[in-house]
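Data from work-v6.txt: compact mmCIF, C-alpha atoms
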```txt
# COMPACT_ATOMS: atom_id res chain seq x y z
CA MET K 10 0.00 0.00 0.00
CA ARG K 11 2.81 2.41 0.84
CA ARG K 12 4.50 1.73 -2.48
CA ALA K 13 1.26 2.30 -4.38
CA VAL K 14 0.75 5.64 -2.68
CA TRP K 15 4.29 6.62 -3.37
CA ILE K 16 4.00 5.78 -7.06
CA LEU K 17 0.83 7.85 -7.25
CA HIS K 18 2.48 10.83 -5.58
CA ALA K 19 5.63 10.45 -7.71
CA GLY K 20 3.51 10.44 -10.84
CA VAL K 21 1.66 13.55 -9.75
CA PHE K 22 4.97 15.27 -8.93
CA ALA K 23 6.40 14.37 -12.33
CA ALA K 24 3.31 15.64 -14.06
CA LEU K 25 3.50 18.89 -12.17
CA CYS K 26 7.13 19.30 -13.23
CA LEU K 27 6.13 18.99 -16.88
CA LEU K 28 3.41 21.62 -16.66
CA PRO K 29 4.33 24.93 -18.29
CA ALA K 30 4.89 27.82 -15.94
CA ALA K 31 2.52 30.75 -15.92
CA GLY K 32 3.16 32.86 -18.96
CA ASP K 33 4.92 30.02 -20.83
CA GLN K 34 1.80 29.01 -22.77
CA PRO K 35 2.58 28.14 -26.40
CA GLU K 36 1.93 30.97 -28.82
CA GLY K 37 -1.52 30.81 -30.34
CA ALA K 38 -2.91 28.37 -27.75
CA ALA K 39 -6.44 29.16 -26.57
CA PRO K 40 -6.98 29.80 -22.85
CA ALA K 41 -8.36 26.79 -20.95
CA SER K 42 -11.58 28.65 -20.23
CA ALA K 43 -12.27 29.35 -23.88
CA ALA K 44 -14.11 26.07 -24.29
CA GLY K 45 -16.65 27.17 -21.68
CA PRO K 46 -18.44 24.96 -19.12
CA GLU K 47 -20.68 23.18 -21.62
CA ILE K 48 -20.75 19.40 -21.40
CA ASP K 49 -20.32 17.51 -24.60
CA ALA K 50 -23.78 16.34 -25.71
CA SER K 51 -22.57 12.76 -26.14
CA ARG K 52 -21.92 12.53 -22.38
CA LYS K 53 -25.48 13.44 -21.47
CA ASN K 54 -26.81 9.99 -22.23
CA ALA K 55 -30.10 8.40 -21.16
CA ILE K 56 -28.78 7.55 -17.71
CA VAL K 57 -27.64 11.11 -17.01
CA ARG K 58 -30.96 12.55 -18.16
CA ALA K 59 -32.95 10.00 -16.14
CA VAL K 60 -30.96 10.77 -12.98
CA GLU K 61 -31.43 14.51 -13.44
CA LYS K 62 -35.20 13.98 -13.58
CA VAL K 63 -35.53 11.72 -10.52
CA ALA K 64 -32.68 12.68 -8.15
CA PRO K 65 -34.47 15.72 -6.63
CA SER K 66 -37.22 13.35 -5.43
CA VAL K 67 -34.86 10.89 -3.71
CA VAL K 68 -34.31 11.23 0.02
CA GLY K 69 -32.14 9.68 2.69
CA VAL K 70 -33.88 8.09 5.67
CA THR K 71 -31.89 7.95 8.90
CA THR K 72 -33.42 6.11 11.84
CA VAL K 73 -32.73 5.49 15.50
CA SER K 74 -34.27 2.49 17.24
CA PHE K 75 -33.70 1.09 20.70
CA GLU K 76 -32.93 -2.51 21.48
CA ARG K 77 -33.00 -4.19 24.86
CA VAL K 78 -29.61 -5.44 26.00
CA ASP K 79 -29.11 -7.69 29.01
CA VAL K 80 -26.40 -6.33 31.29
CA ARG K 81 -24.16 -8.86 33.00
CA TYR K 82 -21.18 -8.13 35.21
CA VAL K 83 -18.45 -10.64 36.07
CA HIS K 84 -16.05 -10.14 39.00
CA PRO K 85 -12.46 -10.33 37.64
CA PHE K 86 -11.10 -12.44 40.54
CA PHE K 87 -13.91 -14.45 42.13
CA ASN K 88 -15.79 -15.45 38.97
CA PHE K 89 -18.89 -13.94 40.53
CA HIS K 90 -21.46 -12.54 38.14
CA TRP K 91 -24.72 -10.71 38.49
CA SER K 92 -27.28 -9.18 36.14
CA PRO K 93 -28.73 -5.88 37.32
CA GLY K 94 -31.26 -5.86 34.46
CA THR K 95 -31.54 -4.57 30.92
CA VAL K 96 -30.68 -1.30 29.22
CA HIS K 97 -31.92 0.24 26.01
CA LYS K 98 -29.18 0.72 23.45
CA GLU K 99 -29.52 3.03 20.47
CA ARG K 100 -29.26 1.33 17.10
CA PRO K 101 -28.86 3.64 14.08
CA GLY K 102 -30.09 2.73 10.62
CA ILE K 103 -29.99 4.17 7.13
CA GLY K 104 -32.10 3.79 4.02
CA SER K 105 -33.62 5.71 1.17
CA GLY K 106 -37.02 6.84 -0.02
CA VAL K 107 -38.78 8.57 -2.88
CA VAL K 108 -41.37 11.34 -2.76
CA VAL K 109 -44.79 10.20 -4.00
CA ARG K 110 -46.82 13.29 -3.07
CA SER K 111 -45.70 16.89 -3.08
CA ASP K 112 -47.33 17.58 0.29
CA GLY K 113 -44.82 15.52 2.25
CA TYR K 114 -45.44 11.80 1.61
CA ILE K 115 -42.42 9.56 1.03
CA LEU K 116 -42.42 5.89 0.04
CA THR K 117 -39.81 3.50 1.41
CA ASN K 118 -39.42 -0.08 2.64
CA TYR K 119 -40.95 -1.23 5.91
CA HIS K 120 -37.66 -2.78 6.99
CA VAL K 121 -36.02 0.66 6.72
CA VAL K 122 -38.30 2.14 9.41
CA GLU K 123 -39.16 -1.00 11.38
CA GLY K 124 -38.97 -0.29 15.10
CA ALA K 125 -37.69 3.27 14.59
CA ARG K 126 -38.31 5.74 17.40
CA GLU K 127 -36.68 8.63 15.56
CA ILE K 128 -36.66 9.26 11.80
CA THR K 129 -34.92 12.06 9.92
CA VAL K 130 -35.45 12.63 6.20
CA THR K 131 -32.66 14.29 4.23
CA PHE K 132 -33.50 15.97 0.93
CA SER K 133 -31.12 16.53 -1.97
CA ASP K 134 -31.16 20.29 -1.31
CA GLY K 135 -29.61 19.67 2.13
CA ARG K 136 -32.73 20.00 4.29
CA ASP K 137 -33.10 17.63 7.24
CA ILE K 138 -36.68 17.19 8.42
CA LYS K 139 -37.44 15.10 11.48
CA VAL K 140 -40.65 13.07 11.58
CA GLN K 141 -42.78 14.62 14.31
CA ASP K 142 -44.56 11.49 15.57
CA THR K 143 -43.42 8.08 14.35
CA ARG K 144 -46.66 6.50 15.58
CA LYS K 145 -48.90 8.75 13.49
CA ASP K 146 -46.65 9.86 10.64
CA VAL K 147 -45.31 6.45 9.63
CA MET K 148 -47.82 4.16 7.91
CA VAL K 149 -46.67 0.61 7.30
CA ASP K 150 -47.61 -2.59 5.51
CA PRO K 151 -45.21 -5.18 6.95
CA GLY K 152 -46.45 -7.97 4.68
CA ALA K 153 -45.64 -5.95 1.57
CA ASP K 154 -42.43 -4.54 3.12
CA LEU K 155 -43.55 -1.00 2.31
CA ALA K 156 -44.06 2.14 4.36
CA VAL K 157 -45.07 5.76 3.85
CA ILE K 158 -43.44 8.54 5.86
CA ARG K 159 -45.14 11.91 6.28
CA VAL K 160 -43.05 15.02 6.89
CA ASN K 161 -43.98 18.66 7.33
CA ALA K 162 -43.05 19.89 3.84
CA THR K 163 -44.78 21.15 0.73
CA ASP K 164 -43.99 21.66 -2.95
CA LEU K 165 -41.75 18.59 -3.04
CA ALA K 166 -40.54 17.28 -6.38
CA VAL K 167 -42.49 14.17 -7.45
CA PRO K 168 -41.02 11.86 -10.11
CA ASP K 169 -42.87 10.23 -12.96
CA LEU K 170 -44.16 6.92 -11.61
CA GLY K 171 -44.12 4.50 -14.52
CA ASP K 172 -46.06 1.32 -15.23
CA SER K 173 -44.13 -1.70 -14.02
CA GLU K 174 -46.23 -3.90 -16.31
CA ASP K 175 -44.35 -2.35 -19.24
CA VAL K 176 -40.86 -3.16 -17.94
CA ILE K 177 -38.64 -4.74 -20.60
CA ILE K 178 -35.97 -7.32 -19.80
CA GLY K 179 -32.63 -5.85 -20.88
CA GLU K 180 -33.59 -2.17 -20.61
CA TRP K 181 -31.65 0.26 -18.44
CA ALA K 182 -32.20 -0.04 -14.70
CA ILE K 183 -30.83 2.79 -12.55
CA ALA K 184 -30.78 2.46 -8.76
CA ILE K 185 -30.77 5.79 -6.94
CA GLY K 186 -30.40 5.98 -3.18
CA ASN K 187 -28.53 7.03 -0.12
CA PRO K 188 -26.10 4.25 0.90
CA PHE K 189 -24.14 6.45 3.32
CA GLY K 190 -26.87 8.15 5.36
CA MET K 191 -25.31 10.92 7.43
CA LEU K 192 -21.85 9.35 7.29
CA ILE K 193 -20.80 11.85 4.65
CA ASP K 194 -21.69 15.52 4.42
CA ASP K 195 -23.32 15.35 1.00
CA PRO K 196 -27.10 15.10 0.52
CA GLN K 197 -26.86 14.12 -3.14
CA PRO K 198 -27.93 10.52 -3.83
CA THR K 199 -25.70 7.80 -5.22
CA VAL K 200 -26.36 6.26 -8.63
CA THR K 201 -25.66 2.74 -9.89
CA ALA K 202 -26.74 1.40 -13.25
CA GLY K 203 -27.39 -1.94 -14.90
CA VAL K 204 -30.23 -3.60 -16.73
CA VAL K 205 -33.49 -5.31 -15.90
CA SER K 206 -32.38 -8.92 -15.55
CA ALA K 207 -35.79 -10.54 -15.09
CA VAL K 208 -39.36 -9.79 -14.08
CA ASN K 209 -42.07 -11.60 -12.10
CA ARG K 210 -39.62 -13.18 -9.69
CA ASN K 211 -41.30 -14.82 -6.66
CA LEU K 212 -39.11 -15.26 -3.59
CA ARG K 213 -39.48 -16.30 0.03
CA LEU K 214 -36.65 -15.29 2.32
CA GLY K 215 -35.46 -17.44 5.20
CA GLN K 216 -36.18 -16.52 8.80
CA ASP K 217 -32.67 -15.12 9.16
CA GLU K 218 -33.52 -12.60 6.43
CA GLY K 219 -36.88 -11.64 7.93
CA GLY K 220 -39.05 -14.39 6.42
CA HIS K 221 -40.71 -12.05 3.91
CA SER K 222 -42.47 -13.41 0.85
CA TYR K 223 -42.17 -11.30 -2.30
CA SER K 224 -44.07 -11.67 -5.56
CA ASN K 225 -43.53 -10.47 -9.13
CA MET K 226 -40.30 -8.70 -8.24
CA ILE K 227 -38.08 -6.92 -10.75
CA GLN K 228 -34.57 -8.38 -10.82
CA THR K 229 -31.64 -6.13 -11.74
CA ASP K 230 -27.86 -6.26 -11.80
CA ALA K 231 -27.62 -2.60 -10.76
CA SER K 232 -25.82 -2.55 -7.40
CA ILE K 233 -28.23 -2.21 -4.50
CA ASN K 234 -26.60 -1.62 -1.12
CA PRO K 235 -28.31 -1.67 2.30
CA GLY K 236 -28.63 2.11 2.27
CA ASN K 237 -30.29 1.97 -1.16
CA SER K 238 -33.29 0.13 0.30
CA GLY K 239 -36.45 2.13 -0.25
CA GLY K 240 -34.99 4.21 -3.07
CA PRO K 241 -36.29 4.17 -6.65
CA LEU K 242 -35.33 1.91 -9.52
CA VAL K 243 -35.57 4.02 -12.66
CA ASN K 244 -35.72 3.22 -16.38
CA GLY K 245 -33.89 4.99 -19.18
CA VAL K 246 -36.55 7.66 -19.68
CA GLY K 247 -36.60 8.73 -16.04
CA GLN K 248 -39.65 6.82 -14.84
CA VAL K 249 -39.68 5.07 -11.48
CA ILE K 250 -40.38 1.39 -12.12
CA GLY K 251 -39.68 -0.10 -8.70
CA ILE K 252 -38.63 0.32 -5.07
CA ASN K 253 -35.18 -1.16 -4.38
CA THR K 254 -35.63 -3.75 -1.64
CA PHE K 255 -32.89 -6.35 -1.19
CA ILE K 256 -30.01 -8.26 -2.74
CA PHE K 257 -28.77 -11.84 -2.71
CA THR K 258 -25.28 -11.87 -1.27
CA LYS K 259 -22.86 -14.21 0.49
CA SER K 260 -20.21 -11.62 1.27
CA GLY K 261 -22.38 -8.66 2.23
CA GLY K 262 -21.54 -6.90 -1.05
CA SER K 263 -23.52 -6.71 -4.25
CA LEU K 264 -23.32 -9.76 -6.53
CA GLY K 265 -25.43 -8.21 -9.25
CA ILE K 266 -28.65 -9.88 -8.06
CA GLY K 267 -30.94 -7.20 -6.70
CA PHE K 268 -34.70 -7.01 -6.45
CA ALA K 269 -37.23 -4.19 -6.53
CA ILE K 270 -40.94 -4.10 -5.71
CA PRO K 271 -42.84 -3.09 -8.88
CA ILE K 272 -43.97 0.52 -8.65
CA SER K 273 -47.53 -0.23 -9.80
CA ARG K 274 -48.07 -2.38 -6.71
CA ALA K 275 -46.08 -0.08 -4.42
CA LYS K 276 -48.09 2.98 -5.51
CA LYS K 277 -51.37 1.16 -4.92
CA ILE K 278 -50.30 0.18 -1.41
CA ALA K 279 -49.00 3.70 -0.71
CA ASP K 280 -52.37 5.18 -1.72
CA ARG K 281 -54.10 2.68 0.56
CA LEU K 282 -51.83 3.55 3.49
CA ILE K 283 -52.33 7.28 3.02
CA ALA K 284 -56.10 6.81 2.75
CA GLY K 285 -56.41 5.00 6.05
CA GLY K 286 -54.06 2.10 6.51
CA VAL K 287 -53.75 -1.56 5.66
CA GLN K 288 -56.79 -3.79 5.71
CA GLU K 289 -56.68 -7.56 5.98
CA PHE K 290 -58.67 -9.12 3.15
CA TRP K 291 -60.54 -12.35 3.41
CA ALA K 292 -61.22 -14.87 0.68
CA GLY K 293 -62.78 -17.49 2.92
CA PHE K 294 -61.12 -20.63 1.59
CA GLU K 295 -58.40 -22.96 2.80
CA LEU K 296 -55.80 -24.27 0.36
CA HIS K 297 -53.52 -27.30 0.23
CA PRO K 298 -49.90 -26.03 0.26
CA LYS K 299 -48.69 -27.90 -2.83
CA LEU K 300 -50.52 -30.50 -4.89
CA THR K 301 -48.23 -33.31 -6.05
CA ARG K 302 -48.81 -35.63 -8.98
CA GLY K 303 -49.12 -38.60 -6.61
CA LEU K 304 -51.73 -36.90 -4.43
CA ALA K 305 -53.70 -35.76 -7.46
CA ASN K 306 -53.77 -39.31 -8.82
CA ALA K 307 -54.81 -40.70 -5.43
CA LEU K 308 -57.68 -38.23 -5.21
CA GLY K 309 -58.69 -38.80 -8.84
CA LEU K 310 -58.11 -35.14 -9.70
CA TYR K 311 -57.95 -33.84 -13.23
CA THR K 312 -54.45 -32.29 -12.89
CA HIS K 313 -51.75 -31.57 -10.33
CA ARG K 314 -50.83 -28.27 -11.97
CA ALA K 315 -53.34 -26.33 -9.86
CA VAL K 316 -54.18 -25.42 -6.25
CA LEU K 317 -56.58 -27.60 -4.28
CA ILE K 318 -59.30 -25.94 -2.18
CA THR K 319 -59.66 -27.94 1.03
CA GLY K 320 -62.26 -25.84 2.83
CA VAL K 321 -64.77 -23.04 2.23
CA ALA K 322 -66.22 -20.93 5.05
CA ASP K 323 -69.94 -20.25 5.19
CA ASN K 324 -71.09 -16.78 4.17
CA SER K 325 -67.65 -15.94 2.76
CA PRO K 326 -66.42 -14.44 -0.53
CA ALA K 327 -65.45 -17.98 -1.61
CA SER K 328 -68.90 -19.39 -0.90
CA ARG K 329 -70.51 -16.50 -2.78
CA ALA K 330 -68.22 -17.30 -5.71
CA LYS K 331 -69.75 -20.84 -5.67
CA LEU K 332 -66.45 -22.49 -4.75
CA ASN K 333 -66.46 -25.91 -3.06
CA PRO K 334 -63.90 -28.06 -1.24
CA GLY K 335 -62.21 -30.25 -3.84
CA ASP K 336 -62.21 -27.56 -6.53
CA LEU K 337 -58.93 -26.81 -8.28
CA ILE K 338 -57.78 -23.24 -8.94
CA LEU K 339 -55.98 -23.09 -12.29
CA ALA K 340 -55.41 -19.33 -12.55
CA VAL K 341 -56.21 -16.04 -10.81
CA ASN K 342 -56.48 -12.87 -12.89
CA GLY K 343 -55.02 -14.76 -15.82
CA LYS K 344 -51.92 -15.90 -13.91
CA PRO K 345 -51.44 -19.67 -13.55
CA VAL K 346 -51.08 -20.82 -9.94
CA ARG K 347 -49.33 -23.95 -8.73
CA SER K 348 -49.25 -23.56 -4.94
CA ALA K 349 -51.03 -21.88 -2.05
CA ASP K 350 -48.17 -19.35 -1.98
CA ASP K 351 -48.98 -18.34 -5.56
CA VAL K 352 -52.59 -17.59 -4.62
CA GLU K 353 -51.61 -15.76 -1.43
CA ARG K 354 -49.22 -13.50 -3.35
CA ILE K 355 -52.05 -12.43 -5.64
CA LEU K 356 -54.43 -11.92 -2.72
CA LYS K 357 -51.87 -9.59 -1.09
CA ASP K 358 -52.50 -7.10 -3.88
CA ALA K 359 -56.28 -7.44 -3.71
CA HIS K 360 -58.58 -4.87 -2.23
CA VAL K 361 -62.29 -4.25 -1.86
CA GLY K 362 -63.91 -3.23 -5.13
CA GLU K 363 -61.65 -5.25 -7.43
CA ASP K 364 -62.94 -8.74 -8.14
CA LEU K 365 -60.53 -11.59 -8.82
CA ALA K 366 -61.15 -13.60 -11.99
CA MET K 367 -60.66 -17.30 -11.21
CA GLU K 368 -60.42 -20.34 -13.48
CA ILE K 369 -61.70 -23.42 -11.68
CA VAL K 370 -61.81 -27.16 -12.38
CA ARG K 371 -64.47 -29.27 -10.67
CA GLY K 372 -64.21 -32.90 -11.65
CA ARG K 373 -63.90 -32.71 -15.43
CA LEU K 374 -65.77 -29.40 -15.69
CA GLN K 375 -63.79 -26.20 -16.15
CA PHE K 376 -65.49 -22.86 -15.50
CA ALA K 377 -64.80 -19.24 -14.60
CA THR K 378 -66.01 -17.34 -11.56
CA ARG K 379 -65.27 -14.07 -9.81
CA LEU K 380 -64.30 -13.69 -6.17
CA ALA K 381 -64.88 -10.35 -4.44
CA PRO K 382 -62.44 -9.91 -1.50
CA GLU K 383 -63.95 -8.39 1.61
CA LYS K 384 -62.51 -6.76 4.70
CA ALA K 385 -61.65 -9.55 7.08
CA PRO K 386 -64.16 -10.03 9.92
CA ALA K 387 -62.86 -10.28 13.47
CA GLY K 388 -60.69 -13.37 13.85
CA GLN K 389 -60.39 -14.00 10.10
CA GLN K 390 -57.66 -13.24 7.55
```
Could you take the file, read its structure, and then write that structure out as structure tokens?
Amino acid sequence: MRRAVWILHAGVFAALCLLPAAGDQPEGAAPASAAGPEIDASRKNAIVRAVEKVAPSVVGVTTVSFERVDVRYVHPFFNFHWSPGTVHKERPGIGSGVVVRSDGYILTNYHVVEGAREITVTFSDGRDIKVQDTRKDVMVDPGADLAVIRVNATDLAVPDLGDSEDVIIGEWAIAIGNPFGMLIDDPQPTVTAGVVSAVNRNLRLGQDEGGHSYSNMIQTDASINPGNSGGPLVNGVGQVIGINTFIFTKSGGSLGIGFAIPISRAKKIADRLIAGGVQEFWAGFELHPKLTRGLANALGLYTHRAVLITGVADNSPASRAKLNPGDLILAVNGKPVRSADDVERILKDAHVGEDLAMEIVRGRLQFATRLAPEKAPAGQQ
């Protein structure tokens, strides 16, 4: 390391020695300032233009939470120990967010604000605004891993929220966020770029990673770091197409496998949170986790490439949709389903007023029906 630094400094020194002294400029040479500050048009590519459009809407989210720590003292000579109790230790956290309404509403991930007692939002113009009441001004949907933060601000820049259904595999994917929090004195967000690697990825994380289940995620090889969580994933025309959420990694660094929640779903959930919070929706049926070929043959079922309904509650949305135990669900809203998890992922995005189109097999009869989700009654989900 010392040698490398020395070579760098020696090179700089040599370069400085070769520079002409003041007044020794070759005759006829134009002053350095003659070219002006204009940037060559070829450098202002799609990524630069997209970042310029969205960056003013990206914020840093710095949190402070408190964790209980058991205190234990050990006598250095007599091996005597005692525990006077627990203390609350501050645990800082960092993340990102994106403005979704000009009157102070910011969208981020739930895991960014989970358990936070203090939240400070940093804007690209250098303003730091503290959330006044984390109990009232932070609206969360833990199941979707999304949250909305409200701050006392107006006239905020709002980006163009695109349609994640139109995302193209191979198009530019630009991750914008705040991976450093308040560690550096610069409110400007950090930019990484790659492409959309895949769409409609369904993943279930292990308990060590929080146990979340994610559906229809956008996969990208743009680097997503822990501090980028909650920030926007942007396409080449400056539209937000997703909310950066997590990466697969063995080392703690980016391996080029990152995932973002599609913005169409995130915006719908954000609107729901702002309007009054998350509601649990009830379909009223019970499903077999995964139908195997052997079980389907044993039960004399038409196919194993479906989801088996094992129970239907009385006076429920499922009973009103004329569903019966033993029916097979082939598809919901045109999407084939092969497990209970597939159906549950679709139901997560459901809300009152939007029926679900279902393709059903009963015996050898195939038919279509519509299920209208309802707000869950007490004790039901």
Using all atoms listed in the file, find each residue of stretch 124-153 of chain K with at least one atom at most 8 Å away from an atom of stretch 60-66 of chain K; report its shortest atom-to-atom pair and that distance in Å (one decimal), sort the rows by chain and rising residue number, and return the result as JSON lines.
```
{"residue": "K:Phe132", "atom": "CA", "partner": "K:Pro65", "partner_atom": "CA", "distance": 7.6}
{"residue": "K:Ser133", "atom": "CA", "partner": "K:Pro65", "partner_atom": "CA", "distance": 5.8}
{"residue": "K:Asp134", "atom": "CA", "partner": "K:Pro65", "partner_atom": "CA", "distance": 7.8}
```
Could you write out that same residue set with C-alpha atoms as a PDB file, in the frame of the given file?
```pdb
ATOM      1  CA  PHE K 132     -33.500  15.970   0.930  1.00  0.00           C
ATOM      2  CA  SER K 133     -31.120  16.530  -1.970  1.00  0.00           C
ATOM      3  CA  ASP K 134     -31.160  20.290  -1.310  1.00  0.00           C
TER       4      ASP K 134
END
```
Excluding same-chain residues fewer than 6 positions from K:Val122, what lies within 10 Å of it counting all atoms listed in the file, as a ChimeraX atom specification? /K:70-74,102-104,128,143,147-149,155-158,239
What does the distance from atom CA of K:Thr117 to atom CA of K:Gly240 come to in Å, to one decimal? 6.6 Å
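If you measure from each of K:Phe268, K:Phe376, K:Tyr114, K:Trp181 to K:Asn54 using all atoms listed in the file, the closest one turns out to be K:Trp181.
What separates atom CA of K:Ile252 from atom CA of K:Val107 is a distance of 8.5 Å.
Near stretch 197-212 of chain K, within 6 Å and counting all atoms listed in the file, sit Ser133, Ile178, Gly179, Glu180, Trp181, Ala182, Ile183, Ala184, Ile185, Gly186, Asn187, Ser222, Tyr223, Ser224, Asn225, Met226, Ile227, Gln228, Thr229, Asp230, Ala231 and Ser232 of chain K, not including residues fewer than 4 positions from it in the same chain.
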Quick one: residues within 8 Å of K:Asp150, all atoms listed in the file counted, chain neighbours fewer than 2 positions away excluded, as a list in words? Tyr119, Met148, Gly152, Ala153, Asp154, Leu155, Ala156, Ile278, Leu282 and Val287 of chain K
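One finds atom CA of K:Asp351 at 19.8 Å from atom CA of K:Gln375.
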I'd like the contact shell of K:Gln248 - 9 Å cut-off, only C-alpha atoms, skipping same-chain residues fewer than 3 positions apart - returned as a PDB file with C-alpha atoms, in the coordinates of the input.
```pdb
ATOM      1  CA  ALA K  59     -32.950  10.000 -16.140  1.00  0.00           C
ATOM      2  CA  LYS K  62     -35.200  13.980 -13.580  1.00  0.00           C
ATOM      3  CA  VAL K  63     -35.530  11.720 -10.520  1.00  0.00           C
ATOM      4  CA  PRO K 168     -41.020  11.860 -10.110  1.00  0.00           C
ATOM      5  CA  ASP K 169     -42.870  10.230 -12.960  1.00  0.00           C
ATOM      6  CA  LEU K 170     -44.160   6.920 -11.610  1.00  0.00           C
ATOM      7  CA  GLY K 171     -44.120   4.500 -14.520  1.00  0.00           C
ATOM      8  CA  ASP K 172     -46.060   1.320 -15.230  1.00  0.00           C
ATOM      9  CA  LEU K 242     -35.330   1.910  -9.520  1.00  0.00           C
ATOM     10  CA  VAL K 243     -35.570   4.020 -12.660  1.00  0.00           C
ATOM     11  CA  ASN K 244     -35.720   3.220 -16.380  1.00  0.00           C
ATOM     12  CA  GLY K 245     -33.890   4.990 -19.180  1.00  0.00           C
TER      13      GLY K 245
END
```
Hey, can you pull every residue with an atom no more than 9 Å from (-59.6, -10.9, -5.1), using all atoms listed in the file, and send it as a PyMOL selection string? chain K and resi 290-292+326+341-342+355-367+379-383
Give me the residues within 9 Å of K:Pro235 as a VMD selection string, counting all atoms listed in the file and dropping any in the same chain fewer than 3 places off. chain K and resid 103 to 104 188 238 254 to 256
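Considering all atoms listed in the file, the residue among K:Leu374, K:Ala330, K:Ala322, K:Arg213 positioned nearest to K:Arg354 is K:Arg213.
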For K:Lys331, the nearest of the candidates K:Gly303, K:Gly236, K:Gly135, K:Gly293, counting only C-alpha atoms: K:Gly293
List every protein, DNA or RNA residue that has at least one atom no more than 10 Å from (-46.8, 17.8, -0.8) in the file's coordinates, counting all atoms listed in the file, and write the result as a tab-separated table (two decimals) with C-alpha atoms, keeping the file's coordinate frame.
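File written: part_2.tsv
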```tsv
chain	number	residue	atom	x	y	z
K	108	VAL	CA	-41.37	11.34	-2.76
K	109	VAL	CA	-44.79	10.20	-4.00
K	110	ARG	CA	-46.82	13.29	-3.07
K	111	SER	CA	-45.70	16.89	-3.08
K	112	ASP	CA	-47.33	17.58	0.29
K	113	GLY	CA	-44.82	15.52	2.25
K	114	TYR	CA	-45.44	11.80	1.61
K	115	ILE	CA	-42.42	9.56	1.03
K	159	ARG	CA	-45.14	11.91	6.28
K	160	VAL	CA	-43.05	15.02	6.89
K	161	ASN	CA	-43.98	18.66	7.33
K	162	ALA	CA	-43.05	19.89	3.84
K	163	THR	CA	-44.78	21.15	0.73
K	164	ASP	CA	-43.99	21.66	-2.95
K	165	LEU	CA	-41.75	18.59	-3.04
K	166	ALA	CA	-40.54	17.28	-6.38
K	167	VAL	CA	-42.49	14.17	-7.45
```
Rank nothing, just name the residue among K:Val346, K:Ala327, K:Phe257, K:Arg302 nearest to K:Leu214, using only C-alpha atoms. K:Phe257
